[in-house]
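Chemist: Below are the structure tokens for one structure; questions will follow.
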Amino acid sequence: MAAFRYCTVISPSTSFFCSGNQKRAFQFQSWTPRKPILNVNKASFSGTAGSSELVAVPDLVCNKDESSSFGFKNLMETFWVDVQEAEERPLRLKLITEPAETVSSSQLQNMAIRIELRNGCVGWGEASATPATSAEAALAKVCEFLRRSPPLTLNFVLQQIGSILHGQEYVSLRAGVEMALIDAVANSIDVPLWRLFGGVSNRLTTSITIPIVPPARASQLASKYYGQGFNTIRFDMGLNINAELEVIKAVKLAQPQCLFILDANGKYTSEEAVMVLEKLHGMGISPVLFEQPVHKDDWNGLAYVKNVARDKYGIHVGADESCQSMNDVKRVIQDKLVDFINIKLAKFGVLETLEVIDVARKSGLNLVIDSMVETRIATGFAGHLTCGLGCFKYVNLDSPLMLSEDPVFGGYEGIRILSLSI
């Protein structure tokens with residue numbers, strides 16, 4: 001029996017980025033047009049996050065020799081970066097909120113970073129919301145450094161960026177600059193980012209978030225999203241337990257085949273978190289993942305919820321806000337506090353993200369890739385990294401669907417593909 005699935009294509013083909021109300025378009029991602037090389041199932045890109053499992057596409061996955069020949073670590077040492085222009089531009093977009101998916105007065109306040117090398121290749125990155133004054137000053141300093149620097153290896157340039165944008169305060173800015181530099185370098189050697197990061201797959205799937213709305217509206221949204229191809233639904237929780245449980249119940253009744261991820265954003269006590277699991281169990285609902293059930297500093301509470309969730313209900317627990325640095329990740333691993341950790345480029349930066357992933361994989365921890373509220377510049381980069389590494393159990397890259405408009409032209413786009421179900 002055939003069924004259609006709505007999918008998204010991510011491509012480093014020539015694309016354009018428009019900032020605000022500017023009429024002028026700016027080249028994004030690629031120096032020359034290329035064929036689409038990455039598919040993303042449209043259980044993809046919206047509000048507070050999404051999720052789903054990585055799926056390989058055999059006819060488009062590169063072979064081992066081909067992917068390893070373009071290793072990122074080798075490129076770090078051998079590619080000399082010579083920057084002609086580096087600049088930052090504001091990303092100011094209104095958000096879509098419920099009810100009825102209306103445009104909110106709330107506004108995305110991110111920064112786009114554009115880096116052009118002397119060979120003509122351009123890379124784009126994105127920094128999620130940071131205090132405007134300090135962000136603009138810090139990015140201006142980095143851009144000035146890049147424009148004035150002589151040719152340097154990519155590794156050395158990234159080290160210098162890390163020194164200028166040091167610490168947690170500037171981590172999202174550092175991530176944006178790292179994205180732009182790596183993107184420009186990948187374009188220089190005409191290798192898509194997913195291959196550069198390992199070439200495991202060119203397809204991923206992700207889920208969509210349903211906000212806490214009246215149950216009837218939640219049911220409508222669930223049916224709408226399932227019809228578009230989403231089969232994993234994520235819920236933001238932690239404000240009103242009874243209302244949240246009613247929403248989950250309504251969605252379960254509307255689409256019983258969907259998988260559920262709960263994210264409490266650190267707003268429950270350990271007792272409340274366990275109570276939520278008990279009540280869901282009574283409804284016959286078993287989420288596949290319960291993210292950050294307690295406050296980020298409540299390590300004992302996190303361990304307690306994890307043990308109850310695993311031993312009594314067979315549910316995995318993940319850490320997000322509790323893992324803000326490599327030291328946090330090592331503590332989580334050492335004390336066996338959770339089953340999953342949540343990875344965001346804006347939380348660690350690109351380079352530290354790769355280090356965290358390596359440490360987590362060696363420990364046996366499972367991984368979730370997520371994002372802040374970002375445009376397709378940042379989520380596209382994260383998608384390439386996710387496909388290249390192929391090690392994420394769940395993918396939450398739905399934030400562009402929260403935006404009232406899309407400032408990125410080109411890149412991945414919606415298509416229809418034929419999916420066979422037996």
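Quick note on naming: the chains in the structure tokens go A, B, ... in the order shown, residues restart at 1 in each chain, and ligands are numbered from 1 in order of appearance.
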Kindly assemble as a tab-separated table a list of the range 73-183 of chain A residues that lie within 12 Å of range 194-207 of chain A, each paired with its nearest atom pair and their distance in Å to one decimal, using only C-alpha atoms, sorted first by chain and then by ascending residue number.

Modeler:
```
residue	atom	partner	partner_atom	distance
A:Lys73	CA	A:Phe197	CA	9.0
A:Asn74	CA	A:Leu196	CA	10.0
A:Leu75	CA	A:Leu196	CA	8.8
A:Met76	CA	A:Leu196	CA	11.0
A:Ile182	CA	A:Leu196	CA	9.6
A:Asp183	CA	A:Leu196	CA	10.1
```

Chemist: Grab the residues selected above and save them as a short mmCIF file (atom, residue, chain, number, x, y, z; two decimals), in the first residue's frame with C-alpha atoms.

Modeler:
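Below is the file that was written, result31.cif:
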```cif
data_model
loop_
_atom_site.label_atom_id
_atom_site.label_comp_id
_atom_site.auth_asym_id
_atom_site.auth_seq_id
_atom_site.Cartn_x
_atom_site.Cartn_y
_atom_site.Cartn_z
CA LYS A 73 39.60 16.99 11.51
CA ASN A 74 41.97 16.76 8.55
CA LEU A 75 40.49 19.89 7.01
CA MET A 76 41.02 21.81 10.25
CA ILE A 182 33.02 26.01 8.31
CA ASP A 183 30.31 26.60 5.71
#
```

Chemist: Please report the interatomic distance between CA of Asn342 in chain A and CA of Ala222 in chain A in Å with one decimal.

Modeler: 24.0 Å

Chemist: Within 8 Å of range 260-262 of chain A, counting only C-alpha atoms, which residues qualify if same-chain residues fewer than 6 places away don't, as a list of chain:residue names?

Modeler: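 So the residues in contact are A:Ser51, A:Thr232, A:Ile233, A:Arg234, A:Phe235, A:Asp236, A:Met237, A:Ser286, A:Pro287, A:Val288, A:Leu289, A:Phe290, A:Glu291.
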
Chemist: Those same residues - C-alpha atoms - I'd like them written as a PDB file, in the first residue's frame.

Modeler:
```
ATOM      1  CA  SER A  51      12.105  14.845  17.188  1.00  0.00           C
ATOM      2  CA  THR A 232       6.573  12.170  16.849  1.00  0.00           C
ATOM      3  CA  ILE A 233       5.056  14.989  18.881  1.00  0.00           C
ATOM      4  CA  ARG A 234       6.801  17.036  21.522  1.00  0.00           C
ATOM      5  CA  PHE A 235       5.097  18.858  24.378  1.00  0.00           C
ATOM      6  CA  ASP A 236       6.438  21.827  26.319  1.00  0.00           C
ATOM      7  CA  MET A 237       5.387  21.378  29.915  1.00  0.00           C
ATOM      8  CA  SER A 286       4.153   6.081  27.751  1.00  0.00           C
ATOM      9  CA  PRO A 287       6.364   8.842  26.287  1.00  0.00           C
ATOM     10  CA  VAL A 288       9.586   7.792  24.604  1.00  0.00           C
ATOM     11  CA  LEU A 289      11.518  10.562  26.378  1.00  0.00           C
ATOM     12  CA  PHE A 290      11.048  12.879  29.380  1.00  0.00           C
ATOM     13  CA  GLU A 291      13.437  15.830  29.047  1.00  0.00           C
TER      14      GLU A 291
END
```

Chemist: Find the residues around range 144-157 of chain A up to 9 Å (only C-alpha atoms counted), leave out those fewer than 2 positions away in its own chain, and share them as a PyMOL selection string.

Modeler: chain A and resi 73+75-87+115+139-142+159-162+181-182+185

Chemist: May I ask for the distance between CA of Ala180 in chain A and CA of Ala127 in chain A, given in Å to one decimal place?

Modeler: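 One can read the CA of Ala180 in chain A to CA of Ala127 in chain A distance as 10.3 Å.
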
Chemist: To one decimal in Å, tell me the separation between CA of Arg89 in chain A and CA of Asn110 in chain A.

Modeler: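 Between CA of Arg89 in chain A and CA of Asn110 in chain A the gap is 8.8 Å.
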
Chemist: I need the residue nearest His384 in chain A from this list: A:Glu88, A:Gln109, A:Leu397, A:Ser163. Use only C-alpha atoms for the distance.

Modeler: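 Of the candidates, the smallest distance to His384 in chain A is held by A:Leu397.
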
Chemist: Select, from A:Ala303, A:Ala378, A:Ile248, A:Leu165, the residue with the minimum atom-to-atom distance to Ala273 in chain A, counting only C-alpha atoms.

Modeler: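 When distances to Ala273 in chain A are compared using only C-alpha atoms, the smallest one comes from A:Ala303.
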
Chemist: Measuring between only C-alpha atoms, which one of A:Ser371, A:Asn265, A:Asn242, A:Gln168 shows the shortest distance to Asp320 in chain A?

Modeler: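 Looking only at the distances to Asp320 in chain A, the closest residue turns out to be A:Asn265.
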
Chemist: Nearest to Val350 in chain A: which of A:Gly176, A:Pro293, A:Pro211, A:Gly71 is it, counting only C-alpha atoms?

Modeler: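 Among A:Gly176, A:Pro293, A:Pro211, A:Gly71, it is A:Gly176 that comes nearest to Val350 in chain A.
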
Chemist: At a cut-off of 8 Å, using only C-alpha atoms, what residues contact Tyr170 in chain A? Leave out same-chain residues fewer than 4 positions from it and give the result as a JSON list (two decimals) with all heavy atoms, in the first residue's frame.

Modeler:
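Resulting contents of result28.json:
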```json
[["chain", "number", "residue", "atom", "x", "y", "z"],
["A", 130, "THR", "N", 20.91, 37.06, 22.03],
["A", 130, "THR", "CA", 21.88, 37.47, 23.02],
["A", 130, "THR", "C", 21.63, 38.94, 23.28],
["A", 130, "THR", "O", 21.17, 39.64, 22.38],
["A", 130, "THR", "CB", 23.33, 37.27, 22.48],
["A", 130, "THR", "OG1", 23.47, 35.91, 22.06],
["A", 130, "THR", "CG2", 24.38, 37.57, 23.50],
["A", 135, "ALA", "N", 26.24, 41.75, 22.10],
["A", 135, "ALA", "CA", 26.38, 40.85, 20.95],
["A", 135, "ALA", "C", 26.94, 41.59, 19.75],
["A", 135, "ALA", "O", 27.87, 41.12, 19.08],
["A", 135, "ALA", "CB", 25.03, 40.25, 20.60],
["A", 165, "LEU", "N", 35.53, 35.18, 21.77],
["A", 165, "LEU", "CA", 34.17, 34.94, 22.24],
["A", 165, "LEU", "C", 34.20, 33.84, 23.30],
["A", 165, "LEU", "O", 33.61, 32.77, 23.17],
["A", 165, "LEU", "CB", 33.27, 34.53, 21.07],
["A", 165, "LEU", "CG", 33.12, 35.57, 19.96],
["A", 165, "LEU", "CD1", 32.34, 35.01, 18.78],
["A", 165, "LEU", "CD2", 32.45, 36.84, 20.49],
["A", 166, "HIS", "N", 34.87, 34.13, 24.39],
["A", 166, "HIS", "CA", 35.12, 33.13, 25.42],
["A", 166, "HIS", "C", 33.98, 33.10, 26.44],
["A", 166, "HIS", "O", 33.42, 34.14, 26.80],
["A", 166, "HIS", "CB", 36.44, 33.43, 26.14],
["A", 166, "HIS", "CG", 36.77, 32.45, 27.21],
["A", 166, "HIS", "ND1", 37.10, 31.14, 26.94],
["A", 166, "HIS", "CD2", 36.79, 32.58, 28.57],
["A", 166, "HIS", "CE1", 37.33, 30.52, 28.08],
["A", 166, "HIS", "NE2", 37.16, 31.36, 29.08],
["A", 174, "ARG", "N", 29.68, 32.52, 19.25],
["A", 174, "ARG", "CA", 30.78, 31.67, 18.79],
["A", 174, "ARG", "C", 30.26, 30.60, 17.84],
["A", 174, "ARG", "O", 30.86, 30.32, 16.80],
["A", 174, "ARG", "CB", 31.46, 31.04, 20.00],
["A", 174, "ARG", "CG", 32.74, 30.27, 19.65],
["A", 174, "ARG", "CD", 33.54, 29.93, 20.89],
["A", 174, "ARG", "NE", 32.89, 28.93, 21.72],
["A", 174, "ARG", "CZ", 32.41, 29.15, 22.94],
["A", 174, "ARG", "NH1", 32.47, 30.37, 23.46],
["A", 174, "ARG", "NH2", 31.87, 28.18, 23.64]]
```

Chemist: Could you give me, as a PyMOL selection string, each residue of range 86-273 of chain A that DSSP assigns to alpha helix (DSSP H) when run on this structure's backbone?

Modeler: chain A and resi 132-148+154-164+171-188+193-196+215-227+241-254+270-273

Chemist: Please dump the current selection as a CSV table (one decimal), in the first residue's frame; keep C-alpha atoms.

Modeler:
```
chain,number,residue,atom,x,y,z
A,132,ALA,CA,21.9,43.2,21.7
A,133,THR,CA,24.5,45.7,22.7
A,134,SER,CA,27.1,43.2,23.9
A,135,ALA,CA,26.4,40.9,20.9
A,136,GLU,CA,26.9,43.5,18.3
A,137,ALA,CA,30.1,44.8,19.9
A,138,ALA,CA,31.5,41.3,20.3
A,139,LEU,CA,30.6,40.3,16.7
A,140,ALA,CA,32.1,43.5,15.4
A,141,LYS,CA,35.3,42.7,17.1
A,142,VAL,CA,35.4,39.2,15.6
A,143,CYS,CA,34.6,40.5,12.1
A,144,GLU,CA,37.4,43.0,12.4
A,145,PHE,CA,39.8,40.3,13.5
A,146,LEU,CA,38.9,38.1,10.5
A,147,ARG,CA,39.2,40.9,8.0
A,148,ARG,CA,42.7,41.9,9.3
A,154,LEU,CA,41.0,26.8,10.0
A,155,ASN,CA,42.0,25.2,13.3
A,156,PHE,CA,44.0,28.3,14.4
A,157,VAL,CA,41.3,30.7,13.2
A,158,LEU,CA,38.6,28.8,15.2
A,159,GLN,CA,40.9,28.9,18.3
A,160,GLN,CA,41.3,32.6,18.0
A,161,ILE,CA,37.5,33.0,17.7
A,162,GLY,CA,37.1,30.9,20.8
A,163,SER,CA,39.5,33.3,22.7
A,164,ILE,CA,37.6,36.4,21.6
A,171,VAL,CA,28.6,30.8,23.2
A,172,SER,CA,25.8,31.3,20.7
A,173,LEU,CA,27.8,34.0,18.9
A,174,ARG,CA,30.8,31.7,18.8
A,175,ALA,CA,28.5,29.0,17.3
A,176,GLY,CA,27.3,31.4,14.6
A,177,VAL,CA,30.8,32.4,13.6
A,178,GLU,CA,32.0,28.8,13.6
A,179,MET,CA,29.1,27.8,11.3
A,180,ALA,CA,29.9,30.6,8.9
A,181,LEU,CA,33.6,29.7,8.7
A,182,ILE,CA,33.0,26.0,8.3
A,183,ASP,CA,30.3,26.6,5.7
A,184,ALA,CA,32.6,28.8,3.7
A,185,VAL,CA,35.5,26.3,3.8
A,186,ALA,CA,33.1,23.4,2.8
A,187,ASN,CA,32.0,25.5,-0.1
A,188,SER,CA,35.6,26.1,-1.1
A,193,LEU,CA,28.6,19.7,5.2
A,194,TRP,CA,26.9,16.4,5.8
A,195,ARG,CA,29.8,14.6,4.0
A,196,LEU,CA,32.4,16.7,5.8
A,215,PRO,CA,-7.5,20.1,24.3
A,216,ALA,CA,-9.8,20.5,21.2
A,217,ARG,CA,-7.2,22.7,19.5
A,218,ALA,CA,-4.4,20.3,20.5
A,219,SER,CA,-6.4,17.5,18.8
A,220,GLN,CA,-6.8,19.6,15.7
A,221,LEU,CA,-3.1,20.3,15.5
A,222,ALA,CA,-2.1,16.7,16.1
A,223,SER,CA,-4.3,15.6,13.2
A,224,LYS,CA,-3.0,18.4,11.0
A,225,TYR,CA,0.6,17.5,11.7
A,226,TYR,CA,0.2,13.8,11.4
A,227,GLY,CA,-1.4,14.4,8.0
A,241,ILE,CA,0.1,19.8,35.3
A,242,ASN,CA,-3.6,19.1,34.9
A,243,ALA,CA,-4.0,21.2,31.8
A,244,GLU,CA,-0.9,19.6,30.2
A,245,LEU,CA,-2.2,16.1,31.0
A,246,GLU,CA,-5.5,17.0,29.3
A,247,VAL,CA,-3.7,18.2,26.2
A,248,ILE,CA,-1.6,15.0,26.0
A,249,LYS,CA,-4.7,12.9,26.5
A,250,ALA,CA,-6.5,14.7,23.7
A,251,VAL,CA,-3.6,14.2,21.3
A,252,LYS,CA,-3.4,10.5,22.2
A,253,LEU,CA,-7.1,10.1,21.4
A,254,ALA,CA,-6.7,11.9,18.1
A,270,SER,CA,11.0,15.5,41.4
A,271,GLU,CA,7.8,14.6,43.1
A,272,GLU,CA,5.7,16.4,40.5
A,273,ALA,CA,7.7,14.8,37.7
```
